[in-house]
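Structure below is structure_22.cif: mmCIF, C-alpha atoms.
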```cif
data_data
loop_
_atom_site.group_PDB
_atom_site.id
_atom_site.type_symbol
_atom_site.label_atom_id
_atom_site.label_comp_id
_atom_site.auth_asym_id
_atom_site.auth_seq_id
_atom_site.Cartn_x
_atom_site.Cartn_y
_atom_site.Cartn_z
ATOM 1 C CA MET A 183 0.000 0.000 0.000
ATOM 2 C CA ILE A 184 2.853 2.393 0.805
ATOM 3 C CA TYR A 185 4.171 2.070 -2.774
ATOM 4 C CA LEU A 186 0.735 2.929 -4.158
ATOM 5 C CA PHE A 187 0.488 6.133 -2.131
ATOM 6 C CA ALA A 188 4.132 7.020 -2.762
ATOM 7 C CA ALA A 189 3.549 6.654 -6.538
ATOM 8 C CA TYR A 190 0.356 8.706 -6.237
ATOM 9 C CA PHE A 191 2.183 11.411 -4.248
ATOM 10 C CA VAL A 192 5.039 11.609 -6.772
ATOM 11 C CA LEU A 193 2.589 11.730 -9.702
ATOM 12 C CA TRP A 194 0.770 14.713 -8.208
ATOM 13 C CA SER A 195 4.024 16.395 -7.152
ATOM 14 C CA ILE A 196 5.263 16.290 -10.753
ATOM 15 C CA THR A 197 1.905 17.521 -12.096
ATOM 16 C CA LEU A 198 1.539 20.375 -9.611
ATOM 17 C CA GLY A 199 5.242 21.240 -9.879
ATOM 18 C CA TYR A 200 4.898 21.602 -13.658
ATOM 19 C CA LEU A 201 1.736 23.714 -13.314
ATOM 20 C CA PHE A 202 3.536 25.871 -10.726
ATOM 21 C CA VAL A 203 6.423 26.432 -13.169
ATOM 22 C CA LEU A 204 3.938 27.366 -15.927
ATOM 23 C CA GLY A 205 2.172 29.768 -13.535
ATOM 24 C CA GLY A 206 5.546 31.404 -12.773
ATOM 25 C CA ARG A 207 6.229 31.784 -16.501
ATOM 26 C CA GLN A 208 2.797 33.363 -16.987
ATOM 27 C CA ARG A 209 3.408 35.923 -14.218
ATOM 28 C CA ARG A 210 6.848 36.797 -15.646
ATOM 29 C CA LEU A 211 5.438 37.220 -19.159
ATOM 30 C CA GLU A 212 2.608 39.424 -17.890
ATOM 31 C CA GLN A 213 5.168 41.643 -16.108
ATOM 32 C CA GLN A 214 7.331 41.842 -19.234
ATOM 33 C CA LEU A 215 4.333 42.684 -21.448
ATOM 34 C CA ALA A 216 3.215 45.365 -18.967
ATOM 35 C CA SER A 217 6.665 46.954 -18.800
ATOM 36 C CA LEU A 218 6.963 46.854 -22.608
ATOM 37 C CA SER A 219 3.626 48.582 -23.090
ATOM 38 C CA ASP A 220 4.633 51.194 -20.446
ATOM 39 C CA ALA A 221 7.898 51.768 -22.279
ATOM 40 C CA ARG A 222 6.024 52.199 -25.572
ATOM 41 C CA ALA A 223 3.396 54.455 -24.045
ATOM 42 C CA GLY A 224 6.107 56.693 -22.483
ATOM 43 C CA PRO A 225 7.576 58.253 -25.692
ATOM 44 C CA ALA A 226 4.114 58.516 -27.293
ATOM 45 C CA GLU A 227 2.799 60.432 -24.282
ATOM 46 C CA ALA A 228 5.857 62.719 -24.262
ATOM 47 C CA ALA A 229 5.357 63.461 -27.978
ATOM 48 C CA ARG A 230 1.695 64.285 -27.386
ATOM 49 C CA GLU A 231 2.575 66.619 -24.515
ATOM 50 C CA GLY A 232 5.243 68.271 -26.700
ATOM 51 C CA ALA A 233 2.709 68.869 -29.468
ATOM 52 C CA GLU A 234 0.323 70.502 -27.013
ATOM 53 C CA MET B 407 -12.695 36.764 -28.691
ATOM 54 C CA ASP B 408 -10.736 36.994 -25.408
ATOM 55 C CA ARG B 409 -13.872 36.275 -23.445
ATOM 56 C CA TRP B 410 -14.579 33.235 -25.640
ATOM 57 C CA ARG B 411 -11.014 32.006 -25.087
ATOM 58 C CA HIS B 412 -11.304 32.512 -21.342
ATOM 59 C CA THR B 413 -14.575 30.529 -21.267
ATOM 60 C CA HIS B 414 -13.051 27.819 -23.448
ATOM 61 C CA HIS B 415 -10.093 27.465 -21.010
ATOM 62 C CA SER B 416 -12.359 27.484 -17.955
ATOM 63 C CA VAL B 417 -14.553 24.746 -19.475
ATOM 64 C CA LEU B 418 -11.477 22.633 -20.274
ATOM 65 C CA TRP B 419 -10.104 23.004 -16.717
ATOM 66 C CA ALA B 420 -13.526 22.157 -15.231
ATOM 67 C CA LEU B 421 -13.931 19.086 -17.465
ATOM 68 C CA SER B 422 -10.442 17.896 -16.543
ATOM 69 C CA ALA B 423 -11.102 18.351 -12.831
ATOM 70 C CA VAL B 424 -14.357 16.383 -13.037
ATOM 71 C CA ALA B 425 -12.753 13.611 -15.132
ATOM 72 C CA ILE B 426 -9.764 13.345 -12.759
ATOM 73 C CA GLY B 427 -12.076 13.282 -9.713
ATOM 74 C CA ALA B 428 -14.195 10.531 -11.294
ATOM 75 C CA ALA B 429 -11.094 8.535 -12.266
ATOM 76 C CA LEU B 430 -9.662 8.777 -8.720
ATOM 77 C CA PHE B 431 -12.987 7.593 -7.288
ATOM 78 C CA LEU B 432 -13.016 4.615 -9.678
ATOM 79 C CA VAL B 433 -9.332 3.741 -9.124
ATOM 80 C CA PHE B 434 -9.429 3.775 -5.318
ATOM 81 C CA LEU B 435 -13.025 2.793 -4.536
ATOM 82 C CA VAL B 436 -14.513 0.876 -7.462
ATOM 83 C CA ALA B 437 -11.706 -1.061 -9.213
ATOM 84 C CA PRO B 438 -11.502 -4.633 -7.905
ATOM 85 C CA ARG B 439 -8.505 -5.590 -5.768
ATOM 86 C CA GLU B 440 -6.087 -7.650 -7.838
ATOM 87 C CA ALA B 441 -5.759 -11.190 -6.405
ATOM 88 C CA VAL B 442 -1.955 -11.630 -6.583
ATOM 89 C CA MET B 443 -0.477 -8.114 -6.252
ATOM 90 C CA GLY B 444 -3.169 -6.554 -4.061
ATOM 91 C CA ASP B 445 -3.644 -2.789 -3.875
ATOM 92 C CA VAL B 446 -0.263 -1.950 -5.375
ATOM 93 C CA GLN B 447 -1.669 -3.042 -8.748
ATOM 94 C CA ARG B 448 -3.716 0.192 -8.727
ATOM 95 C CA ILE B 449 -0.504 2.046 -9.719
ATOM 96 C CA PHE B 450 -1.255 0.541 -13.129
ATOM 97 C CA TYR B 451 -4.243 2.947 -13.518
ATOM 98 C CA PHE B 452 -1.842 5.937 -13.376
ATOM 99 C CA HIS B 453 1.144 4.303 -15.037
ATOM 100 C CA VAL B 454 -0.566 3.204 -18.280
ATOM 101 C CA PRO B 455 -2.498 6.489 -18.877
ATOM 102 C CA ALA B 456 0.665 8.540 -18.181
ATOM 103 C CA ALA B 457 2.580 6.479 -20.755
ATOM 104 C CA TRP B 458 -0.342 6.671 -23.243
ATOM 105 C CA VAL B 459 -0.606 10.456 -22.959
ATOM 106 C CA GLY B 460 3.190 10.687 -23.213
ATOM 107 C CA TYR B 461 3.057 8.792 -26.522
ATOM 108 C CA LEU B 462 0.117 10.905 -27.731
ATOM 109 C CA ALA B 463 1.893 14.160 -26.876
ATOM 110 C CA LEU B 464 5.080 13.052 -28.625
ATOM 111 C CA PHE B 465 3.051 11.988 -31.665
ATOM 112 C CA VAL B 466 1.442 15.459 -31.764
ATOM 113 C CA SER B 467 4.930 16.972 -31.568
ATOM 114 C CA PHE B 468 6.094 14.718 -34.415
ATOM 115 C CA ALA B 469 3.086 15.621 -36.621
ATOM 116 C CA ALA B 470 3.465 19.333 -35.850
ATOM 117 C CA SER B 471 7.183 19.166 -36.724
ATOM 118 C CA LEU B 472 6.341 17.576 -40.076
ATOM 119 C CA LEU B 473 3.756 20.302 -40.730
ATOM 120 C CA TYR B 474 6.304 22.970 -39.807
ATOM 121 C CA LEU B 475 8.800 21.641 -42.344
ATOM 122 C CA LEU B 476 6.081 21.515 -45.014
ATOM 123 C CA ARG B 477 4.462 24.907 -44.349
ATOM 124 C CA ARG B 478 7.028 26.915 -42.346
ATOM 125 C CA GLU B 479 4.321 28.388 -40.094
ATOM 126 C CA SER B 480 5.454 29.235 -36.569
ATOM 127 C CA ARG B 481 2.248 27.894 -34.991
ATOM 128 C CA TRP B 482 3.345 24.320 -35.855
ATOM 129 C CA ASP B 483 6.739 24.883 -34.250
ATOM 130 C CA ARG B 484 4.971 26.241 -31.170
ATOM 131 C CA LEU B 485 2.711 23.176 -31.015
ATOM 132 C CA ALA B 486 5.684 20.811 -31.473
ATOM 133 C CA LEU B 487 7.566 22.453 -28.586
ATOM 134 C CA CYS B 488 4.608 22.625 -26.186
ATOM 135 C CA SER B 489 3.468 19.071 -26.837
ATOM 136 C CA ALA B 490 7.004 17.657 -26.513
ATOM 137 C CA GLU B 491 7.462 19.444 -23.174
ATOM 138 C CA ILE B 492 4.184 18.070 -21.810
ATOM 139 C CA GLY B 493 4.976 14.645 -23.285
ATOM 140 C CA LEU B 494 8.247 14.627 -21.359
ATOM 141 C CA VAL B 495 6.370 15.398 -18.126
ATOM 142 C CA PHE B 496 4.020 12.447 -18.713
ATOM 143 C CA ILE B 497 6.842 10.092 -19.738
ATOM 144 C CA THR B 498 8.618 11.069 -16.493
ATOM 145 C CA GLN B 499 5.449 10.225 -14.566
ATOM 146 C CA GLY B 500 5.199 6.880 -16.379
ATOM 147 C CA ILE B 501 8.819 6.005 -15.566
ATOM 148 C CA ILE B 502 8.541 6.980 -11.883
ATOM 149 C CA THR B 503 5.192 5.261 -11.242
ATOM 150 C CA GLY B 504 6.570 2.197 -13.077
ATOM 151 C CA SER B 505 9.598 2.273 -10.819
ATOM 152 C CA PHE B 506 7.390 2.139 -7.699
ATOM 153 C CA TRP B 507 5.463 -0.749 -9.240
ATOM 154 C CA ALA B 508 8.763 -2.526 -10.039
ATOM 155 C CA LYS B 509 10.008 -2.138 -6.468
ATOM 156 C CA ALA B 510 6.761 -3.556 -5.074
ATOM 157 C CA THR B 511 6.537 -6.520 -7.464
ATOM 158 C CA TRP B 512 10.086 -7.286 -8.700
ATOM 159 C CA GLY B 513 11.913 -6.039 -5.600
ATOM 160 C CA VAL B 514 14.071 -3.544 -7.541
ATOM 161 C CA TRP B 515 13.564 0.129 -8.473
ATOM 162 C CA TRP B 516 15.110 -0.296 -11.899
ATOM 163 C CA THR B 517 16.319 -3.055 -14.178
ATOM 164 C CA TRP B 518 17.849 -2.707 -17.640
ATOM 165 C CA GLU B 519 15.207 -4.762 -19.439
ATOM 166 C CA PRO B 520 14.013 -3.656 -22.941
ATOM 167 C CA ARG B 521 10.970 -1.538 -21.957
ATOM 168 C CA LEU B 522 12.755 0.329 -19.183
ATOM 169 C CA THR B 523 15.916 0.824 -21.226
ATOM 170 C CA THR B 524 14.002 2.191 -24.247
ATOM 171 C CA SER B 525 11.979 4.426 -21.860
ATOM 172 C CA ALA B 526 15.220 5.895 -20.493
ATOM 173 C CA VAL B 527 16.452 6.478 -24.064
ATOM 174 C CA LEU B 528 13.118 8.091 -25.011
ATOM 175 C CA TRP B 529 13.293 10.385 -21.980
ATOM 176 C CA ALA B 530 16.879 11.399 -22.833
ATOM 177 C CA ILE B 531 15.959 12.103 -26.489
ATOM 178 C CA TYR B 532 13.171 14.539 -25.561
ATOM 179 C CA ALA B 533 15.098 16.132 -22.686
ATOM 180 C CA SER B 534 17.838 16.802 -25.262
ATOM 181 C CA TYR B 535 15.225 18.224 -27.653
ATOM 182 C CA LEU B 536 14.251 20.864 -25.086
ATOM 183 C CA THR B 537 17.911 21.575 -24.253
ATOM 184 C CA LEU B 538 18.750 21.896 -27.951
ATOM 185 C CA ARG B 539 15.992 24.464 -28.439
ATOM 186 C CA ARG B 540 17.258 26.543 -25.523
ATOM 187 C CA ALA B 541 20.769 26.520 -26.966
ATOM 188 C CA MET B 542 19.721 28.240 -30.218
ATOM 189 C CA ASP B 543 18.733 31.913 -30.438
ATOM 190 C CA GLU B 544 17.878 32.351 -34.107
ATOM 191 C CA GLN B 545 14.159 31.540 -34.376
ATOM 192 C CA ASP B 546 13.943 30.070 -37.916
ATOM 193 C CA ARG B 547 17.045 27.945 -37.559
ATOM 194 C CA ARG B 548 15.922 26.735 -34.121
ATOM 195 C CA ALA B 549 12.505 25.738 -35.480
ATOM 196 C CA ARG B 550 14.010 23.924 -38.489
ATOM 197 C CA VAL B 551 16.640 21.993 -36.512
ATOM 198 C CA ALA B 552 14.136 21.153 -33.757
ATOM 199 C CA ALA B 553 11.591 19.874 -36.307
ATOM 200 C CA VAL B 554 14.150 17.536 -37.920
ATOM 201 C CA TYR B 555 15.319 16.364 -34.482
ATOM 202 C CA SER B 556 11.735 15.753 -33.317
ATOM 203 C CA ILE B 557 10.895 13.698 -36.437
ATOM 204 C CA LEU B 558 14.023 11.568 -36.042
ATOM 205 C CA GLY B 559 13.538 11.293 -32.263
ATOM 206 C CA PHE B 560 9.994 10.014 -32.646
ATOM 207 C CA VAL B 561 11.408 6.706 -33.960
ATOM 208 C CA ALA B 562 12.048 5.880 -30.282
ATOM 209 C CA VAL B 563 8.288 5.932 -29.485
ATOM 210 C CA PRO B 564 7.172 2.883 -31.537
ATOM 211 C CA ILE B 565 10.358 1.061 -30.473
ATOM 212 C CA ASN B 566 9.474 1.756 -26.834
ATOM 213 C CA PHE B 567 5.883 0.612 -27.395
ATOM 214 C CA MET B 568 6.906 -2.570 -29.206
ATOM 215 C CA ALA B 569 9.836 -3.432 -26.906
ATOM 216 C CA ILE B 570 7.729 -5.813 -24.785
ATOM 217 C CA ARG B 571 6.431 -7.529 -27.942
ATOM 218 C CA TRP B 572 9.741 -7.851 -29.802
ATOM 219 C CA TRP B 573 12.106 -8.852 -26.998
ATOM 220 C CA ARG B 574 12.046 -11.165 -23.995
ATOM 221 C CA THR B 575 11.106 -8.995 -21.006
ATOM 222 C CA VAL B 576 9.733 -9.132 -17.470
ATOM 223 C CA HIS B 577 7.417 -6.155 -18.144
ATOM 224 C CA PRO B 578 3.726 -7.230 -18.195
ATOM 225 C CA LEU B 579 1.900 -7.220 -21.529
ATOM 226 C CA VAL B 580 -1.679 -6.036 -20.987
ATOM 227 C CA PHE B 581 -2.890 -5.578 -24.562
ATOM 228 C CA GLU B 582 -2.150 -8.258 -27.135
ATOM 229 C CA GLY B 583 -3.840 -9.693 -30.199
ATOM 230 C CA GLY B 584 -6.474 -6.936 -30.249
ATOM 231 C CA GLY B 585 -7.700 -7.789 -26.731
ATOM 232 C CA SER B 586 -6.659 -7.189 -23.133
ATOM 233 C CA ASN B 587 -5.737 -9.424 -20.196
ATOM 234 C CA LEU B 588 -7.887 -7.327 -17.840
ATOM 235 C CA SER B 589 -11.278 -8.100 -16.340
ATOM 236 C CA PRO B 590 -14.123 -5.912 -17.748
ATOM 237 C CA ALA B 591 -14.323 -3.978 -14.440
ATOM 238 C CA MET B 592 -10.581 -3.210 -14.511
ATOM 239 C CA LEU B 593 -10.738 -2.267 -18.187
ATOM 240 C CA ARG B 594 -13.540 0.237 -17.529
ATOM 241 C CA VAL B 595 -11.495 1.924 -14.780
ATOM 242 C CA LEU B 596 -8.418 1.992 -17.011
ATOM 243 C CA ILE B 597 -10.383 3.583 -19.874
ATOM 244 C CA SER B 598 -11.857 6.245 -17.565
ATOM 245 C CA SER B 599 -8.366 7.037 -16.278
ATOM 246 C CA ILE B 600 -7.023 7.280 -19.850
ATOM 247 C CA VAL B 601 -9.881 9.681 -20.754
ATOM 248 C CA ALA B 602 -9.100 11.837 -17.670
ATOM 249 C CA PHE B 603 -5.365 11.975 -18.469
ATOM 250 C CA THR B 604 -6.093 12.812 -22.127
ATOM 251 C CA LEU B 605 -8.428 15.654 -21.160
ATOM 252 C CA PHE B 606 -5.819 16.960 -18.739
ATOM 253 C CA TYR B 607 -3.198 16.843 -21.503
ATOM 254 C CA LEU B 608 -5.452 18.875 -23.832
ATOM 255 C CA THR B 609 -6.099 21.417 -21.062
ATOM 256 C CA VAL B 610 -2.429 21.884 -20.197
ATOM 257 C CA LEU B 611 -1.529 21.991 -23.906
ATOM 258 C CA SER B 612 -4.020 24.794 -24.499
ATOM 259 C CA PHE B 613 -2.590 26.762 -21.529
ATOM 260 C CA ARG B 614 1.011 26.078 -22.579
ATOM 261 C CA LEU B 615 0.314 27.181 -26.188
ATOM 262 C CA ARG B 616 -1.095 30.471 -24.933
ATOM 263 C CA LEU B 617 2.040 31.015 -22.820
ATOM 264 C CA GLU B 618 4.336 30.261 -25.748
ATOM 265 C CA TRP B 619 2.402 32.676 -27.940
ATOM 266 C CA ALA B 620 2.801 35.392 -25.271
ATOM 267 C CA HIS B 621 6.517 34.552 -25.030
ATOM 268 C CA GLU B 622 6.910 35.058 -28.793
ATOM 269 C CA GLN B 623 5.072 38.389 -28.562
ATOM 270 C CA VAL B 624 7.473 39.550 -25.821
ATOM 271 C CA GLU B 625 10.473 38.457 -27.926
ATOM 272 C CA GLN B 626 9.144 40.280 -30.989
ATOM 273 C CA LEU B 627 8.447 43.438 -28.993
ATOM 274 C CA GLY B 628 12.096 43.569 -28.107
ATOM 275 C CA TYR B 629 12.655 41.914 -24.745
ATOM 276 C CA ARG B 630 16.086 40.176 -24.547
#
```
File written out as structure tokens:
Amino acid sequence: MIYLFAAYFVLWSITLGYLFVLGGRQRRLEQQLASLSDARAGPAEAAREGAE
Amino acid sequence: MDRWRHTHHSVLWALSAVAIGAALFLVFLVAPREAVMGDVQRIFYFHVPAAWVGYLALFVSFAASLLYLLRRESRWDRLALCSAEIGLVFITQGIITGSFWAKATWGVWWTWEPRLTTSAVLWAIYASYLTLRRAMDEQDRRARVAAVYSILGFVAVPINFMAIRWWRTVHPLVFEGGGSNLSPAMLRVLISSIVAFTLFYLTVLSFRLRLEWAHEQVEQLGYR
């Protein structure tokens, strides 16, 4: 019985570990996309203010 | 469109959760206790579906690699990468759960018999595939080399599957001659577990594809 639960535990550890890694990647990508759009919005805003 | 995608992902996650819950219920509470091995035989209901989904994922990667070489569209390269990565996760699960089963029934964690040896080779081939991709920066070249590697590497999948049929081995053979050696009750539980694992694969693949697409957008917008 102990082998059954150990196998079950390892199976879920691998699954959840992988999903955790993917979640981390998603957060990092969201941060990068946000900082890129900020960086792009910066010069455009400055140009608009200059024109005014 | 975004709202539709969000709903589509939520439905997939919900279906997977229900299927996994039902499979766990069947595996632990409904499947009959095997007469010789006892409860440890229930590892089989995780081990076989993990290996099946591993094969399926690697087949998807192989087909997507072929399509990439024929059409040169980045979406096929993306699919090949994502499916190979998930396939490697499932193959790892299959190897580890098999190792627990081996310890309980054969008394050893690992033995170099044909199925286990070809599984180790298969694992190494796809781990190298992911490493190879990371080592190359130029997108087109990376996609081309990875597609060729994935097509060649896929040869290991049918060899791994057939290893217990071609060579003398201690690994059990469940399906042979178009039938199975399982009782109908055990077969039903196995099929439900395979359905749950397959749904979970499709769910994770859909999530992973979305991440890879976002990663490509970040790269194109000038990060790195």
Could you tell me how far CA of Trp419 in chain B lies from CA of Thr197 in chain A, in Å and to one decimal?
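For CA of Trp419 in chain B relative to CA of Thr197 in chain A, the distance reads 14.0 Å.
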Report, in Å with one decimal, the straight-line distance from CA of Leu593 in chain B to CA of Gly504 in chain B.
18.6 Å
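Nearest residue to Leu201 in chain A, choosing from B:Val595, B:Ile565, B:Ala526, B:Val495 and counting all atoms listed in the file: B:Val495.
Proximity of B:Leu528, B:Ala441, B:Leu487, B:Ala456 to chain A, computed with all atoms listed in the file, is greatest for B:Ala456.
Counting all atoms listed in the file, every residue of chain B that comes within 7 Å of chain A is listed here: B:Asp445, B:Val446, B:Arg448, B:Ile449, B:Gln499, B:Thr503, B:Phe506, B:Ala510, B:Leu617, B:Ala620, B:His621, B:Val624.
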Hits of the PyMOL selection byres ((chain B and resi 521) around 7) in this structure, as number ranges by chain:
B: 519-520, 522-525, 566, 569-570, 577
List the neighbours of Trp529 in chain B out to 9 Å using only C-alpha atoms; skip same-chain residues closer than 3 positions along the sequence, and give me the result as JSON, numbers by chain.
{"B": [494, 497, 498, 501, 524, 525, 526, 532, 533, 534]}
Hey, can you spit out that residue selection with C-alpha atoms as a CSV table (one decimal), keeping the file's coordinate frame?
```
chain,number,residue,atom,x,y,z
B,494,LEU,CA,8.2,14.6,-21.4
B,497,ILE,CA,6.8,10.1,-19.7
B,498,THR,CA,8.6,11.1,-16.5
B,501,ILE,CA,8.8,6.0,-15.6
B,524,THR,CA,14.0,2.2,-24.2
B,525,SER,CA,12.0,4.4,-21.9
B,526,ALA,CA,15.2,5.9,-20.5
B,532,TYR,CA,13.2,14.5,-25.6
B,533,ALA,CA,15.1,16.1,-22.7
B,534,SER,CA,17.8,16.8,-25.3
```
Any chance you could work out the residue set of the PyMOL selection byres ((chain B and resi 484) around 9) here, as a PyMOL selection string?
chain B and resi 470+480-483+485-489+549+615+618-619
How about saving the chosen residues, C-alpha atoms kept, as a compact mmCIF listing (two decimals), keeping the file's coordinate frame?
```txt
# COMPACT_ATOMS: atom_id res chain seq x y z
CA ALA B 470 3.46 19.33 -35.85
CA SER B 480 5.45 29.24 -36.57
CA ARG B 481 2.25 27.89 -34.99
CA TRP B 482 3.34 24.32 -35.85
CA ASP B 483 6.74 24.88 -34.25
CA LEU B 485 2.71 23.18 -31.02
CA ALA B 486 5.68 20.81 -31.47
CA LEU B 487 7.57 22.45 -28.59
CA CYS B 488 4.61 22.62 -26.19
CA SER B 489 3.47 19.07 -26.84
CA ALA B 549 12.50 25.74 -35.48
CA LEU B 615 0.31 27.18 -26.19
CA GLU B 618 4.34 30.26 -25.75
CA TRP B 619 2.40 32.68 -27.94
```
Just the number, please: distance in Å from CA of Val433 in chain B to CA of Val454 in chain B, one decimal.
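Taking CA of Val433 in chain B as the start and CA of Val454 in chain B as the end point, the length is 12.7 Å.
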For each of B:Phe613, B:Trp516, B:Phe468, B:Phe431, take the minimum atom-to-atom distance to Ser416 in chain B, counting only C-alpha atoms, then give the residue where this is smallest.
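Under the stated criterion, the closest residue is B:Phe613.
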Evaluate the PyMOL selection byres ((chain B and resi 596) around 12) on the structure here and hand back the selected residues as a ChimeraX atom specification.
/B:428-430,432-434,436-438,447-456,458,580,586,588-595,597-603
B:Val610, B:Met443, B:Ser505, B:Arg616 ranked by distance to Phe202 in chain A, top pick (using only C-alpha atoms):
B:Val610
For range 444-450 of chain B, I'd like the enclosing box, axis-aligned and padded by 3 Å on every side, reported as lines of an AutoDock Vina configuration file with centre and edge lengths in Å to one decimal.
```
center_x = -2.0
center_y = -2.3
center_z = -8.5
size_x = 9.5
size_y = 14.6
size_z = 15.3
```
